[in-house]
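Q: My file is coords-v6.txt. It has compact mmCIF, C-alpha atoms:
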# COMPACT_ATOMS: atom_id res chain seq x y z
CA MET A 143 -11.15 -3.07 19.36
CA SER A 144 -10.68 -1.27 22.61
CA HIS A 145 -12.86 -2.12 25.53
CA ASP A 146 -11.90 1.01 27.37
CA HIS A 147 -14.97 2.58 28.91
CA GLU A 148 -13.27 5.93 29.27
CA HIS A 149 -13.35 6.45 25.52
CA ASP A 150 -15.53 9.39 24.76
CA HIS A 151 -14.98 10.03 21.08
CA ASP A 152 -17.27 7.26 19.96
CA HIS A 153 -20.91 8.00 19.69
CA HIS A 154 -22.99 5.38 21.46
CA HIS A 155 -22.20 3.41 24.52
CA ASP A 156 -25.45 1.92 25.62
CA HIS A 157 -24.77 -1.68 26.48
CA GLY A 158 -22.83 -2.86 23.49
CA GLN A 159 -19.28 -2.57 22.27
CA ASP A 160 -17.36 0.42 21.07
CA ILE A 161 -18.46 1.24 17.57
CA PRO A 162 -15.60 1.40 15.08
CA SER A 163 -15.01 4.57 13.12
CA ASP A 164 -17.35 5.36 10.24
CA THR A 165 -14.55 4.50 7.85
CA ALA A 166 -13.95 1.10 9.41
CA LEU A 167 -17.71 0.43 9.28
CA ARG A 168 -17.77 1.32 5.59
CA VAL A 169 -15.04 -1.23 4.91
CA LYS A 170 -16.89 -3.88 6.93
CA ALA A 171 -20.10 -3.07 5.05
CA LEU A 172 -18.50 -3.33 1.62
CA GLU A 173 -16.52 -6.43 2.54
CA SER A 174 -19.46 -8.30 4.03
CA LEU A 175 -21.71 -7.50 1.06
CA LEU A 176 -19.10 -8.67 -1.45
CA ILE A 177 -18.41 -11.85 0.53
CA GLU A 178 -22.12 -12.66 0.69
CA LYS A 179 -22.37 -12.29 -3.05
CA GLY A 180 -19.44 -14.66 -3.44
CA LEU A 181 -17.37 -11.98 -5.19
CA VAL A 182 -14.41 -12.36 -2.83
CA ASP A 183 -13.16 -15.15 -0.60
CA PRO A 184 -12.51 -14.09 3.01
CA ALA A 185 -9.56 -16.46 3.35
CA ALA A 186 -7.95 -14.91 0.28
CA LEU A 187 -8.38 -11.46 1.81
CA ASP A 188 -6.63 -12.61 4.97
CA ALA A 189 -3.78 -13.99 2.89
CA VAL A 190 -3.29 -10.66 1.12
CA VAL A 191 -3.19 -8.75 4.38
CA ASP A 192 -0.72 -11.19 5.89
CA THR A 193 1.51 -11.12 2.83
CA TYR A 194 1.78 -7.36 2.66
CA GLU A 195 2.09 -6.83 6.37
CA ASN A 196 4.58 -9.55 7.10
CA LYS A 197 6.22 -11.01 4.03
CA ILE A 198 6.88 -8.42 1.35
CA GLY A 199 9.11 -5.48 1.95
CA PRO A 200 12.03 -3.71 0.39
CA ARG A 201 14.31 -6.70 1.14
CA ASN A 202 13.26 -8.34 -2.13
CA GLY A 203 14.39 -5.29 -4.05
CA ALA A 204 17.62 -5.12 -2.05
CA ARG A 205 18.49 -8.69 -3.02
CA ILE A 206 17.93 -7.85 -6.68
CA VAL A 207 20.21 -4.82 -6.44
CA ALA A 208 22.93 -6.78 -4.63
CA ARG A 209 22.83 -9.55 -7.20
CA ALA A 210 23.06 -7.05 -10.03
CA TRP A 211 26.13 -5.57 -8.36
CA THR A 212 27.84 -8.94 -8.02
CA ASP A 213 26.64 -10.89 -11.07
CA PRO A 214 27.24 -9.14 -14.42
CA ASP A 215 25.15 -11.67 -16.35
CA TYR A 216 22.22 -11.13 -14.01
CA LYS A 217 22.59 -7.37 -14.34
CA ALA A 218 22.49 -7.68 -18.14
CA ARG A 219 19.27 -9.69 -17.90
CA LEU A 220 17.83 -7.23 -15.38
CA MET A 221 18.50 -4.23 -17.58
CA GLY A 222 17.21 -6.06 -20.65
CA ASP A 223 14.00 -7.52 -19.23
CA ALA A 224 13.49 -6.56 -15.62
CA THR A 225 10.16 -8.36 -15.26
CA ALA A 226 11.72 -11.69 -16.22
CA ALA A 227 14.91 -11.16 -14.22
CA ILE A 228 12.91 -10.27 -11.11
CA ALA A 229 10.58 -13.24 -11.61
CA GLU A 230 13.71 -15.40 -11.84
CA MET A 231 14.36 -14.47 -8.19
CA GLY A 232 10.84 -15.61 -7.32
CA TYR A 233 9.37 -12.14 -6.87
CA THR A 234 6.15 -11.91 -8.81
CA GLY A 235 2.68 -10.69 -8.10
CA ALA A 236 0.31 -7.79 -8.33
CA GLN A 237 1.85 -4.58 -9.59
CA GLY A 238 5.09 -6.23 -10.60
CA GLU A 239 3.86 -7.36 -13.98
CA HIS A 240 5.86 -4.90 -16.03
CA MET A 241 9.02 -3.73 -14.34
CA VAL A 242 11.72 -1.45 -15.68
CA VAL A 243 15.05 -0.98 -13.88
CA VAL A 244 16.84 2.35 -14.28
CA GLU A 245 20.51 2.54 -13.34
CA ASN A 246 22.19 5.33 -11.43
CA THR A 247 25.65 6.23 -12.71
CA PRO A 248 28.14 9.01 -11.99
CA GLU A 249 26.37 10.96 -14.76
CA VAL A 250 22.70 10.15 -14.11
CA HIS A 251 20.52 10.03 -11.02
CA ASN A 252 17.06 8.46 -11.33
CA LEU A 253 14.00 9.29 -9.27
CA VAL A 254 10.67 7.42 -9.30
CA VAL A 255 7.26 8.94 -8.65
CA CYS A 256 3.64 8.26 -9.49
CA THR A 257 2.06 11.62 -10.22
CA LEU A 258 -1.44 10.18 -10.66
CA CYS A 259 -1.78 8.11 -7.53
CA SER A 260 0.83 5.84 -6.01
CA CYS A 261 1.72 3.08 -8.43
CA TYR A 262 4.67 1.28 -6.88
CA PRO A 263 6.46 -2.05 -7.45
CA TRP A 264 4.92 -3.98 -4.56
CA PRO A 265 6.56 -7.37 -5.15
CA VAL A 266 10.04 -5.87 -4.77
CA LEU A 267 9.50 -2.91 -2.43
CA GLY A 268 6.36 -3.76 -0.47
CA LEU A 269 3.81 -0.98 -0.08
CA PRO A 270 4.81 2.64 -0.52
CA PRO A 271 5.70 4.89 2.42
CA VAL A 272 3.41 7.75 3.36
CA TRP A 273 5.56 10.42 1.73
CA TYR A 274 5.39 8.63 -1.63
CA LYS A 275 1.61 8.98 -1.50
CA SER A 276 1.61 12.63 -0.45
CA SER A 277 0.35 15.21 -2.90
CA ALA A 278 3.52 17.26 -2.37
CA TYR A 279 5.82 14.47 -3.50
CA ARG A 280 3.55 13.47 -6.36
CA SER A 281 3.35 16.99 -7.74
CA ARG A 282 6.82 18.34 -6.97
CA ALA A 283 9.04 15.38 -7.90
CA VAL A 284 8.52 16.12 -11.58
CA ILE A 285 8.59 19.92 -11.39
CA GLU A 286 11.58 20.37 -9.10
CA PRO A 287 13.28 17.02 -8.49
CA ARG A 288 16.50 18.54 -7.22
CA GLY A 289 14.61 20.53 -4.60
CA VAL A 290 12.74 17.40 -3.49
CA LEU A 291 16.00 15.45 -3.32
CA ASN A 292 17.54 18.20 -1.22
CA GLU A 293 14.71 17.82 1.26
CA PHE A 294 15.59 14.13 1.49
CA GLY A 295 19.15 15.21 2.28
CA LEU A 296 20.51 14.31 -1.12
CA SER A 297 22.32 17.00 -3.03
CA VAL A 298 22.85 16.05 -6.66
CA PRO A 299 25.71 17.99 -8.30
CA ASP A 300 24.81 20.17 -11.29
CA ASP A 301 26.85 18.02 -13.67
CA VAL A 302 24.75 14.95 -12.82
CA ALA A 303 21.50 14.69 -14.77
CA VAL A 304 18.33 13.93 -12.82
CA ARG A 305 15.78 11.75 -14.60
CA VAL A 306 12.28 11.39 -13.21
CA TRP A 307 10.24 8.30 -14.03
CA ASP A 308 6.47 8.57 -13.69
CA SER A 309 4.93 5.19 -12.86
CA THR A 310 1.69 4.17 -14.49
CA ALA A 311 -0.87 1.43 -14.13
CA GLU A 312 1.25 -0.60 -16.54
CA ILE A 313 4.90 0.21 -15.80
CA ARG A 314 6.73 0.21 -12.46
CA TYR A 315 10.27 1.41 -12.00
CA LEU A 316 13.05 0.27 -9.69
CA VAL A 317 16.22 2.32 -9.31
CA LEU A 318 19.48 0.38 -9.40
CA PRO A 319 21.63 2.53 -7.11
CA GLU A 320 25.40 2.91 -7.46
CA ARG A 321 27.41 0.40 -5.50
CA PRO A 322 29.16 2.33 -2.74
CA ALA A 323 32.94 2.46 -2.48
CA GLY A 324 34.64 0.26 0.10
CA THR A 325 32.47 -2.78 -0.60
CA ASP A 326 34.82 -4.73 -2.86
CA GLY A 327 35.12 -7.81 -0.69
CA MET A 328 31.45 -8.06 0.26
CA ASP A 329 29.14 -10.80 -0.94
CA ALA A 330 25.60 -10.29 -2.20
CA GLU A 331 24.00 -10.94 1.17
CA ALA A 332 26.14 -8.37 2.96
CA LEU A 333 25.58 -5.89 0.15
CA ALA A 334 21.80 -6.38 0.25
CA ALA A 335 21.84 -5.28 3.88
CA LEU A 336 23.17 -1.90 2.78
CA VAL A 337 20.45 -1.24 0.21
CA THR A 338 17.55 0.86 1.45
CA ARG A 339 14.07 1.33 0.11
CA ASP A 340 14.72 5.04 -0.36
CA ALA A 341 17.75 4.27 -2.54
CA MET A 342 15.60 2.07 -4.79
CA VAL A 343 13.04 4.86 -5.21
CA GLY A 344 15.87 7.28 -5.90
CA VAL A 345 15.57 9.68 -2.96
CA ALA A 346 18.82 8.45 -1.38
CA LYS A 347 22.15 6.87 -2.24
CA VAL A 348 23.44 3.65 -0.74
CA ALA A 349 25.95 4.37 2.00
CA GLY A 350 29.05 2.25 2.44
CA PRO A 351 29.52 -0.24 5.28
CA ALA A 352 31.44 2.14 7.57
CA ALA A 353 28.40 4.41 7.68
CA LYS A 354 30.46 6.93 5.79
CA GLU A 355 28.78 9.83 4.04
CA GLY A 356 27.00 8.55 0.98
CA ALA A 357 28.35 11.26 -1.28
CA MET B 181 -12.92 -15.82 12.33
CA GLN B 182 -9.46 -15.20 11.03
CA ARG B 183 -10.61 -11.79 9.95
CA GLU B 184 -11.33 -10.92 13.55
CA GLN B 185 -7.78 -11.88 14.43
CA VAL B 186 -6.33 -9.58 11.82
CA ALA B 187 -8.21 -6.72 13.41
CA VAL B 188 -6.39 -7.17 16.70
CA LEU B 189 -2.92 -8.11 15.48
CA PRO B 190 -0.45 -6.33 17.70
CA GLY B 191 2.82 -4.85 16.55
CA LEU B 192 2.57 -4.30 12.82
CA PRO B 193 5.98 -4.35 11.18
CA VAL B 194 7.31 -0.85 11.11
CA ASP B 195 9.65 0.66 8.60
CA ALA B 196 11.30 4.07 8.77
CA ASN B 197 7.95 5.66 7.96
CA GLY B 198 5.67 3.73 10.28
CA PRO B 199 3.58 0.63 9.79
CA VAL B 200 2.61 -0.55 6.34
CA PHE B 201 -1.02 0.01 7.29
CA ALA B 202 -1.91 2.50 10.00
CA GLU B 203 -5.18 0.72 10.87
CA PRO B 204 -6.66 -2.70 10.08
CA TRP B 205 -9.41 -1.30 7.87
CA GLN B 206 -6.77 0.06 5.51
CA ALA B 207 -5.36 -3.42 5.00
CA GLN B 208 -8.86 -4.79 4.44
CA ALA B 209 -9.70 -2.15 1.84
CA PHE B 210 -6.39 -2.84 0.15
CA ALA B 211 -6.96 -6.60 0.08
CA LEU B 212 -10.50 -6.21 -1.25
CA THR B 213 -9.25 -4.11 -4.13
CA LEU B 214 -6.54 -6.57 -5.02
CA LYS B 215 -8.82 -9.59 -4.95
CA LEU B 216 -11.67 -7.97 -6.89
CA CYS B 217 -9.20 -7.03 -9.59
CA GLU B 218 -7.66 -10.50 -9.66
CA ALA B 219 -11.13 -11.99 -9.99
CA GLY B 220 -11.71 -9.82 -13.04
CA HIS B 221 -14.43 -7.56 -11.62
CA PHE B 222 -12.44 -4.59 -12.82
CA THR B 223 -9.07 -4.04 -14.45
CA TRP B 224 -6.16 -2.46 -12.68
CA ALA B 225 -6.23 0.38 -15.20
CA GLU B 226 -9.85 1.07 -14.23
CA TRP B 227 -8.85 1.06 -10.57
CA VAL B 228 -5.98 3.48 -11.12
CA GLU B 229 -8.26 5.75 -13.12
CA THR B 230 -10.86 5.81 -10.34
CA LEU B 231 -8.32 6.32 -7.56
CA SER B 232 -6.61 9.08 -9.54
CA ALA B 233 -9.95 10.82 -10.04
CA VAL B 234 -10.73 10.69 -6.31
CA LEU B 235 -7.26 11.98 -5.45
CA ARG B 236 -7.63 14.83 -7.95
CA GLU B 237 -10.87 15.90 -6.25
CA ALA B 238 -9.35 15.63 -2.77
CA PRO B 239 -7.63 18.55 -1.08
CA SER B 240 -3.85 18.28 -0.79
CA ASP B 241 -2.72 16.12 2.07
CA ASP B 242 0.42 14.61 3.46
CA GLY B 243 -0.46 11.07 2.45
CA SER B 244 -2.02 10.14 5.78
CA ALA B 245 -5.56 10.29 4.34
CA TYR B 246 -4.52 8.13 1.43
CA TYR B 247 -6.55 5.08 2.38
CA ASP B 248 -9.63 7.22 3.01
CA HIS B 249 -9.41 8.20 -0.63
CA TRP B 250 -8.66 4.60 -1.51
CA LEU B 251 -11.88 3.45 0.16
CA SER B 252 -13.95 6.17 -1.52
CA ALA B 253 -12.55 5.10 -4.87
CA LEU B 254 -13.26 1.44 -4.16
CA GLU B 255 -16.88 2.18 -3.22
CA ARG B 256 -17.27 4.27 -6.34
CA LEU B 257 -15.85 1.58 -8.62
CA CYS B 258 -17.90 -1.21 -6.99
CA VAL B 259 -21.05 0.82 -7.56
CA ALA B 260 -20.02 1.68 -11.13
CA LYS B 261 -19.46 -2.03 -11.79
CA SER B 262 -22.80 -2.94 -10.17
CA LEU B 263 -21.06 -5.12 -7.57
CA THR B 264 -23.11 -3.31 -4.97
CA GLU B 265 -25.26 -0.21 -4.67
CA PRO B 266 -25.16 2.86 -2.43
CA ARG B 267 -28.37 2.01 -0.57
CA ALA B 268 -27.14 -1.47 0.28
CA LEU B 269 -23.88 -0.01 1.55
CA ASP B 270 -25.65 2.57 3.73
CA ALA B 271 -27.98 -0.05 5.15
CA ARG B 272 -25.08 -2.35 5.90
CA VAL B 273 -23.09 0.36 7.66
CA HIS B 274 -26.05 0.95 9.94
CA ALA B 275 -26.52 -2.77 10.50
CA TRP B 276 -22.88 -3.13 11.60
CA ALA B 277 -23.13 -0.10 13.87
CA GLU B 278 -26.25 -1.61 15.40
CA ALA B 279 -24.50 -4.94 15.83
CA TYR B 280 -21.67 -3.28 17.77
CA ARG B 281 -24.14 -1.32 19.85
CA THR B 282 -26.16 -4.37 20.84
CA THR B 283 -23.56 -7.10 21.17
CA PRO B 284 -22.49 -7.61 24.78
CA HIS B 285 -18.84 -7.13 25.65
CA GLY B 286 -16.62 -10.06 24.99
CA GLN B 287 -18.81 -11.61 22.33
CA PRO B 288 -17.93 -11.57 18.65
CA VAL B 289 -19.87 -8.95 16.75
CA GLU B 290 -21.96 -10.54 14.04
CA LEU B 291 -24.62 -9.17 11.79
CA GLN B 292 -27.20 -11.83 12.62
CA GLN B 293 -27.24 -10.56 16.17
CA ALA B 294 -28.06 -7.12 14.94
CA SER B 295 -31.36 -8.19 13.46
CA SER B 296 -32.33 -10.57 16.27
CA VAL B 297 -31.28 -8.39 19.17
CA SER B 298 -32.62 -5.14 17.81
CA ARG B 299 -36.09 -6.65 17.47
CA PRO B 300 -37.80 -6.79 20.84
Show this structure as structure tokens.
A:
Amino acid sequence: MSHDHEHDHDHHHDHGQDIPSDTALRVKALESLLIEKGLVDPAALDAVVDTYENKIGPRNGARIVARAWTDPDYKARLMGDATAAIAEMGYTGAQGEHMVVVENTPEVHNLVVCTLCSCYPWPVLGLPPVWYKSSAYRSRAVIEPRGVLNEFGLSVPDDVAVRVWDSTAEIRYLVLPERPAGTDGMDAEALAALVTRDAMVGVAKVAGPAAKEGA
Amino acid sequence: MQREQVAVLPGLPVDANGPVFAEPWQAQAFALTLKLCEAGHFTWAEWVETLSAVLREAPSDDGSAYYDHWLSALERLCVAKSLTEPRALDARVHAWAEAYRTTPHGQPVELQQASSVSRP
């Protein structure tokens, strides 16, 4: 909390401290009531916050993609039972219980959305970016995916099919992007560094190491 | 005590679209939801249904108000599941506001102080 006395957007400044926003107070109210009732453990709440802020991000997904590119047996397992193949890498947890991997090819480009809210594969991609949660993305990705992809700077040729996958409370999707050209000699670790979150949601392609155009 | 530290953590990790959580309360609301579900107080399908309903009622936005909707949905589901009730929530919001108002600078804000300090 700020101790800046110049603040003037907060309501009361008698002798006490700056009062947090109404929203922050509502969270404190709910949290403190639930803790008192023994319904949640404060230490467990801290652990969740720390995990999602500091430990989980799209790097987990990038390692899965890079391994699939370099290990044909792993790729076969990943395409057959993504949940198990991802758990094999040690990435499990909330909202990763039922994963499906969809593969981009020269003929098919896959795009993931959650039209209802923002279901997203947290254990492999972390928490979703703001645009994924926006009403525009949620409503337009299904109706006009090519237009949405254009706005992300990705032009998909007419002879490439675009498939849109709508996440649900039960199923989460991860896009397996195409391995870029010019990466033949690279190992999985170097490849993982090329894989972006956007590519695994399907709004981008993975660019090659020389920062060449990802087309 | 650790919860107070979370509230002042500097430098959240930033990706191309900004920090994972824009403000600490968003992370707290997120964590509460996750833990209540894990403890079996509601199913994830029930949570998604409630959040979807709140989002449907909300005006279109760019995603920046997402956790506001998240919190509204969480309050709604907690009340529906009798984990708490609206009057208790309202009273507690006021108690926290009072605690901030009456706790001297530099001291941790605690609810107990609200009741003791506000009574002359």
Q: Tell me, in Å to one decimal, how far atom CA of Asp223 of chain A is from atom CA of Gly220 of chain B.
A: 26.5 Å
Q: Which residues are close to segment 267-275 of chain B, i.e. within 8 Å by all atoms listed in the file, leaving aside same-chain residues fewer than 4 positions away? Reply as a short mmCIF file (atom, residue, chain, number, x, y, z; two decimals) with C-alpha atoms, in the coordinates of the input.
A:
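The result, stored in result_32.cif:
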data_model
loop_
_atom_site.label_atom_id
_atom_site.label_comp_id
_atom_site.auth_asym_id
_atom_site.auth_seq_id
_atom_site.Cartn_x
_atom_site.Cartn_y
_atom_site.Cartn_z
CA LEU A 167 -17.71 0.43 9.28
CA ARG A 168 -17.77 1.32 5.59
CA LYS A 170 -16.89 -3.88 6.93
CA ALA A 171 -20.10 -3.07 5.05
CA LEU A 172 -18.50 -3.33 1.62
CA LEU A 175 -21.71 -7.50 1.06
CA ALA B 279 -24.50 -4.94 15.83
CA LEU B 291 -24.62 -9.17 11.79
CA ALA B 294 -28.06 -7.12 14.94
CA SER B 295 -31.36 -8.19 13.46
#
Q: Write down, as a PyMOL selection string, each residue of chain B that has any atom within 7 Å of an atom of chain A, counting only C-alpha atoms.
A: chain B and resi 183+188+192-193+197+200+205+207-209+211-212+215-216+224-225+228+231-232+240-244+246+269+272-273+276-277+280-285
Q: Please list as a PyMOL selection string every residue within 9 Å of Ala323 of chain A, counting all atoms listed in the file and excluding residues in the same chain fewer than 3 positions away.
A: chain A and resi 326+349-351
Q: Rounded to one decimal in Å, what is the spacing between atom CA of Gln206 of chain B and atom CA of Glu290 of chain B?
A: 20.4 Å
Q: For the point (2.0, -8.7, -13.3) in the file's frame, write as a PDB file with C-alpha atoms, in the frame of the given file all residues with an atom no more than 12 Å away, counting all atoms listed in the file.
A:
ATOM      1  CA  ALA A 224      13.490  -6.560 -15.620  1.00  0.00           C
ATOM      2  CA  THR A 225      10.160  -8.360 -15.260  1.00  0.00           C
ATOM      3  CA  ALA A 226      11.720 -11.690 -16.220  1.00  0.00           C
ATOM      4  CA  ILE A 228      12.910 -10.270 -11.110  1.00  0.00           C
ATOM      5  CA  ALA A 229      10.580 -13.240 -11.610  1.00  0.00           C
ATOM      6  CA  TYR A 233       9.370 -12.140  -6.870  1.00  0.00           C
ATOM      7  CA  THR A 234       6.150 -11.910  -8.810  1.00  0.00           C
ATOM      8  CA  GLY A 235       2.680 -10.690  -8.100  1.00  0.00           C
ATOM      9  CA  ALA A 236       0.310  -7.790  -8.330  1.00  0.00           C
ATOM     10  CA  GLN A 237       1.850  -4.580  -9.590  1.00  0.00           C
ATOM     11  CA  GLY A 238       5.090  -6.230 -10.600  1.00  0.00           C
ATOM     12  CA  GLU A 239       3.860  -7.360 -13.980  1.00  0.00           C
ATOM     13  CA  HIS A 240       5.860  -4.900 -16.030  1.00  0.00           C
ATOM     14  CA  MET A 241       9.020  -3.730 -14.340  1.00  0.00           C
ATOM     15  CA  PRO A 263       6.460  -2.050  -7.450  1.00  0.00           C
ATOM     16  CA  TRP A 264       4.920  -3.980  -4.560  1.00  0.00           C
ATOM     17  CA  PRO A 265       6.560  -7.370  -5.150  1.00  0.00           C
ATOM     18  CA  ALA A 311      -0.870   1.430 -14.130  1.00  0.00           C
ATOM     19  CA  GLU A 312       1.250  -0.600 -16.540  1.00  0.00           C
ATOM     20  CA  ILE A 313       4.900   0.210 -15.800  1.00  0.00           C
ATOM     21  CA  ARG A 314       6.730   0.210 -12.460  1.00  0.00           C
TER      22      ARG A 314
ATOM     23  CA  CYS B 217      -9.200  -7.030  -9.590  1.00  0.00           C
ATOM     24  CA  GLU B 218      -7.660 -10.500  -9.660  1.00  0.00           C
ATOM     25  CA  TRP B 224      -6.160  -2.460 -12.680  1.00  0.00           C
TER      26      TRP B 224
END
Q: Determine the nearest neighbour of Glu320 of chain A from the options A:Arg209, A:Arg201, A:Arg282, A:His251, counting all atoms listed in the file.
A: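 Closest candidate: A:His251.
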Q: In Å, with one decimal, what is the gap from atom CA of Val242 of chain A to atom CA of Leu316 of chain A?
A: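 One can read the atom CA of Val242 of chain A to atom CA of Leu316 of chain A distance as 6.4 Å.
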Q: Do a neighbour search on Leu257 of chain B at 10 Å with all atoms listed in the file, toss out local chain neighbours closer than 4 positions, and write the hits as a PyMOL selection string.
A: chain B and resi 213+221-222+226-227+229-231+251-253+261-264
